[in-house]
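Reading through the structure tokens given below for one structure.
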Amino acid sequence: MSWEDNVRKMVPYVAGEQPKSKDVIKLNTNECPYPPAPAVAKLAQEMDTGLFRLYPDTDSTSLTNALSEYYGVKPGQVFVGVGSDDVLSLCFLTFFNSDKPILFPDVTYSFYDVWADLYKIPYKTVPLKDDWSIDVEGFKQENGGVIFPNPNAPTGLFSSLEKVEEIIKANPDVVVIVDEAYIDFGGESALPLLEKYENLLIVQTFSKSRAMAGLRIGFCMGNEKIIKYLNDVKFSVNSYTMNRPAQTLGVLAVKDDAYFKEITGKVMATREWTKKELTRLGFTFPDSKANFIFASHESVPAKDIFNYLRGHNIYVRFWDKPRINNHLRITIGTDNQMRTLIAALEAYLG
């Protein structure tokens, strides 16, 4: 017997590569290519160091109130965490405690199975259809909970609210989590369904559309009872999860709605231009409503394209996994970055 016999051994989530050189075009981790709201940048430069000396507000009251006002829900219906990964992890820990398997798509955010293994939650994947859309019927089997992204990742496909509601209706006895990390790039949030379903949780993030991935701000919305359960677990783990600078700067980001819509509009316009260019070069892809495109070339293997681009300091995402090992996930950058990408692809593909 050794001390290692009692270690919890995991196969961890692997994040997108963070290149050390700054002389790269980074299109592999779905970050926003634009800076955060001007007031956020200004205060970050002038920040009072008192924000670092004192413990943060455990309830993140200012940020919770700002989000509740923006989304038209009660403050008690909002929960904030250190990025949506923190929020989702606590959701798994709080709500998925049945001996029945939870359900999520087979091609989806690859942290879901990691959390399930970490917390010893049984799970079953529901295969996406051949067109990469979510199979609603597959979520109508017996289960201990449901989670899926909308738009899905890494495919970028958006499921209509009718499909989302059909899944919720079919699962009244478990918590259904809709992960809306990419909802602000052309999708329609399931937020209106909160009034109808007390078992629904909607998770969003500041990392993509609000250009604040480095500050780690995520949140979810549900009815007050479900949020209380989540807070009870959070306060049983760590009361001080979100730091004071993040709380303060997050409020400023929420309040600048015009800038939020400006940069998401830019990303969507660039995405549509990039779709046309990729199609011209022989790529096919689902009709993304996210800030990335899930592309496959008609004749050149994805891994070869990935290696070529990386050799030219252009980073995209490649997974050597079943069903998706001939696809690249390409984050939408600035117009100049995407023009550079297309030029490099033209040179390589001839």
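Following the order of the structure tokens, chains are lettered A, B, ..., residues in each are numbered from 1, and ligands are numbered from 1.
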
- Task: Pick out the residues sitting within 7 Å of A:Ser209, and hand them over as a PyMOL selection string; count only C-alpha atoms, and ignore anything fewer than 2 positions along from it in its own chain.
- Result: chain A and resi 32+184+206-207+211+264

- Considering only C-alpha atoms, return as a count of residues only whatever protein or nucleic-acid residues lie within 10 Å of A:Gly265, sequence-local ones (same chain, fewer than 5 positions apart) excluded. 8

- Among listed residues A:Asn291, A:Asn336, A:Ser2, A:Asn152, nearest A:Thr29 (using only C-alpha atoms): A:Asn291

- Note on the structure: Here atom CA of A:Glu262 and atom CA of A:Lys208 stand apart by 13.5 Å

- Within 10 Å of A:Ala190, counting only C-alpha atoms, which residues qualify if same-chain residues fewer than 6 places away don't, as an MDAnalysis selection string? chainID A and resid 150 160:162 164:165 178:180 183 200:202

Report as a short mmCIF file (atom, residue, chain, number, x, y, z; two decimals) with C-alpha atoms, in the first residue's frame all protein, DNA and RNA residues lying within 9 Å of A:Val107, evaluated on only C-alpha atoms, omitting residues in the same chain fewer than 5 positions from it.
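What ended up in result-v5.cif:
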data_model
loop_
_atom_site.label_atom_id
_atom_site.label_comp_id
_atom_site.auth_asym_id
_atom_site.auth_seq_id
_atom_site.Cartn_x
_atom_site.Cartn_y
_atom_site.Cartn_z
CA THR A 125 -23.91 10.68 -24.29
CA VAL A 126 -26.63 11.31 -26.87
CA PRO A 127 -25.19 11.17 -30.41
CA LEU A 128 -25.66 14.25 -32.53
CA TRP A 132 -24.53 17.88 -36.22
CA ASN A 152 -23.41 23.76 -29.21
CA ALA A 153 -19.63 23.63 -29.04
CA PRO A 154 -17.60 22.86 -31.04
CA THR A 155 -20.20 22.70 -33.84
CA ARG A 323 -16.26 12.01 -35.41
CA ILE A 324 -14.41 15.35 -35.21
#

- Could you state the separation of atom CA of A:Thr64 and atom CA of A:Val80 in Å, given to one decimal place?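 Going from atom CA of A:Thr64 over to atom CA of A:Val80 covers 7.0 Å.
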
Taking the backbone alone, and naming residues the way the document does, which bits of stretch 109-212 of chain A are helix (DSSP H, G or I) by DSSP, as a compact mmCIF listing (two decimals) with N, CA and C atoms, in the first residue's frame?
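Printed below is selection00.txt as written:
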# COMPACT_ATOMS: atom_id res chain seq x y z
N TYR A 112 -17.61 18.39 -19.74
CA TYR A 112 -18.75 17.74 -19.10
C TYR A 112 -18.40 16.35 -18.56
N ASP A 113 -17.74 15.54 -19.38
CA ASP A 113 -17.41 14.19 -18.91
C ASP A 113 -16.33 14.21 -17.83
N VAL A 114 -15.47 15.26 -17.86
CA VAL A 114 -14.45 15.39 -16.81
C VAL A 114 -15.10 15.65 -15.45
N TRP A 115 -16.06 16.60 -15.40
CA TRP A 115 -16.75 16.86 -14.13
C TRP A 115 -17.53 15.62 -13.68
N ALA A 116 -18.16 14.94 -14.62
CA ALA A 116 -18.92 13.74 -14.26
C ALA A 116 -18.00 12.70 -13.63
N ASP A 117 -16.83 12.50 -14.20
CA ASP A 117 -15.87 11.55 -13.63
C ASP A 117 -15.35 12.04 -12.28
N LEU A 118 -15.06 13.33 -12.17
CA LEU A 118 -14.53 13.88 -10.93
C LEU A 118 -15.50 13.68 -9.77
N VAL A 136 -33.23 15.66 -30.20
CA VAL A 136 -34.14 15.91 -29.09
C VAL A 136 -34.70 14.61 -28.52
N GLU A 137 -35.03 13.66 -29.38
CA GLU A 137 -35.61 12.40 -28.92
C GLU A 137 -34.66 11.65 -27.99
N GLY A 138 -33.37 11.81 -28.21
CA GLY A 138 -32.38 11.12 -27.37
C GLY A 138 -32.37 11.59 -25.94
N PHE A 139 -32.96 12.78 -25.69
CA PHE A 139 -33.01 13.32 -24.33
C PHE A 139 -34.33 13.00 -23.63
N LYS A 140 -35.09 12.08 -24.21
CA LYS A 140 -36.38 11.71 -23.61
C LYS A 140 -36.31 10.36 -22.91
N LEU A 161 -35.68 27.53 -29.74
CA LEU A 161 -36.30 27.48 -28.41
C LEU A 161 -37.37 26.40 -28.34
N GLU A 162 -38.00 26.09 -29.46
CA GLU A 162 -38.98 25.00 -29.49
C GLU A 162 -38.32 23.68 -29.13
N LYS A 163 -37.12 23.43 -29.67
CA LYS A 163 -36.40 22.20 -29.35
C LYS A 163 -35.93 22.20 -27.90
N VAL A 164 -35.44 23.34 -27.46
CA VAL A 164 -34.99 23.45 -26.06
C VAL A 164 -36.16 23.17 -25.11
N GLU A 165 -37.30 23.77 -25.39
CA GLU A 165 -38.45 23.57 -24.52
C GLU A 165 -38.94 22.13 -24.57
N GLU A 166 -38.83 21.49 -25.71
CA GLU A 166 -39.24 20.09 -25.81
C GLU A 166 -38.40 19.21 -24.90
N ILE A 167 -37.10 19.51 -24.82
CA ILE A 167 -36.22 18.75 -23.92
C ILE A 167 -36.59 19.01 -22.47
N ILE A 168 -36.85 20.26 -22.12
CA ILE A 168 -37.22 20.60 -20.73
C ILE A 168 -38.53 19.93 -20.35
N LYS A 169 -39.51 20.00 -21.24
CA LYS A 169 -40.82 19.38 -20.97
C LYS A 169 -40.70 17.88 -20.73
N ILE A 183 -24.36 32.42 -26.70
CA ILE A 183 -25.69 32.84 -27.10
C ILE A 183 -25.72 34.24 -27.70
N ASP A 184 -24.75 35.09 -27.37
CA ASP A 184 -24.80 36.49 -27.78
C ASP A 184 -24.34 36.73 -29.21
N PHE A 185 -24.03 35.67 -29.95
CA PHE A 185 -23.56 35.83 -31.32
C PHE A 185 -24.60 35.41 -32.35
N LEU A 191 -33.97 32.31 -21.73
CA LEU A 191 -34.39 33.08 -20.56
C LEU A 191 -35.91 33.18 -20.39
N PRO A 192 -36.69 33.39 -21.45
CA PRO A 192 -38.15 33.48 -21.26
C PRO A 192 -38.77 32.20 -20.69
N LEU A 193 -38.08 31.09 -20.79
CA LEU A 193 -38.63 29.82 -20.30
C LEU A 193 -38.50 29.67 -18.79
N LEU A 194 -37.72 30.55 -18.15
CA LEU A 194 -37.54 30.45 -16.69
C LEU A 194 -38.86 30.57 -15.95
N GLU A 195 -39.77 31.37 -16.47
CA GLU A 195 -41.05 31.56 -15.79
C GLU A 195 -41.92 30.31 -15.83

- Message: Applying 9 Å and only C-alpha atoms, which residues near A:Gly16 remain after dropping the ones on its own chain fewer than 4 positions away? List them as a VMD selection string.
- Response: chain A and resid 28 to 29 316 to 317

- Item | Selected residue, from A:Pro101, A:Pro19, A:Gly187, A:Pro245, that lies nearest to A:Val174 when counting only C-alpha atoms |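 Going through A:Pro101, A:Pro19, A:Gly187, A:Pro245 one by one, the smallest distance to A:Val174 is for A:Pro101.
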
Distance table requested - stretch 119-192 of chain A against stretch 225-235 of chain A, cut-off 12 Å, only C-alpha atoms: one row per qualifying residue with the closest atom pair and its distance in Å to one decimal, ordered by chain and rising residue number, as CSV.
residue,atom,partner,partner_atom,distance
A:Val174,CA,A:Ile226,CA,11.6
A:Val175,CA,A:Ile226,CA,9.1
A:Val176,CA,A:Ile226,CA,11.3
A:Ile177,CA,A:Ile226,CA,11.5

Just write the chosen residues, N, CA and C atoms, as a CSV table (one decimal), in the first residue's frame.
chain,number,residue,atom,x,y,z
A,174,VAL,N,-35.9,16.4,-13.3
A,174,VAL,CA,-34.5,16.6,-13.1
A,174,VAL,C,-34.1,18.0,-13.5
A,175,VAL,N,-32.9,18.5,-13.1
A,175,VAL,CA,-32.5,19.8,-13.5
A,175,VAL,C,-32.0,19.7,-15.0
A,176,VAL,N,-32.4,20.7,-15.8
A,176,VAL,CA,-31.9,20.8,-17.1
A,176,VAL,C,-31.1,22.1,-17.2
A,177,ILE,N,-29.9,22.0,-17.6
A,177,ILE,CA,-28.9,23.1,-17.7
A,177,ILE,C,-28.7,23.4,-19.2

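Near A:Val87, within 10 Å and counting only C-alpha atoms, sit Phe79, Val80, Gly81, Val82, Gly83, Cys91, Phe92, Leu93, Val203, Gln204, Thr205, Ile217, Gly218, Phe219, Cys220, Leu230 and Lys234 of chain A; same-chain residues fewer than 4 positions away were not included.
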
- Pick from A:Asn313, A:Gln337, A:Ser62, A:Ser98: nearest to A:Lys20, with only C-alpha atoms counted?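 Distance minimum relative to A:Lys20 lands on A:Asn313.
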
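Considering only C-alpha atoms, the residue among A:Trp273, A:Phe292, A:Phe285, A:Tyr34 positioned nearest to A:Asp131 is A:Phe285.
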
- Task: Tell me which of A:Ser288, A:Tyr109, A:Pro38, A:Tyr315 sits closest to A:Ile263, counting only C-alpha atoms.
- Result: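 That would be A:Pro38, the residue with the smallest distance to A:Ile263.
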
- Note on the structure: Expressed in Å, the length from atom CA of A:Asp335 to atom CA of A:Ala347 is 18.4 Å

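Nearest to A:Asn97 of all the residues A:Asn143, A:Ser68, A:Asn199, A:Asn243 is A:Asn143, based on only C-alpha atoms.
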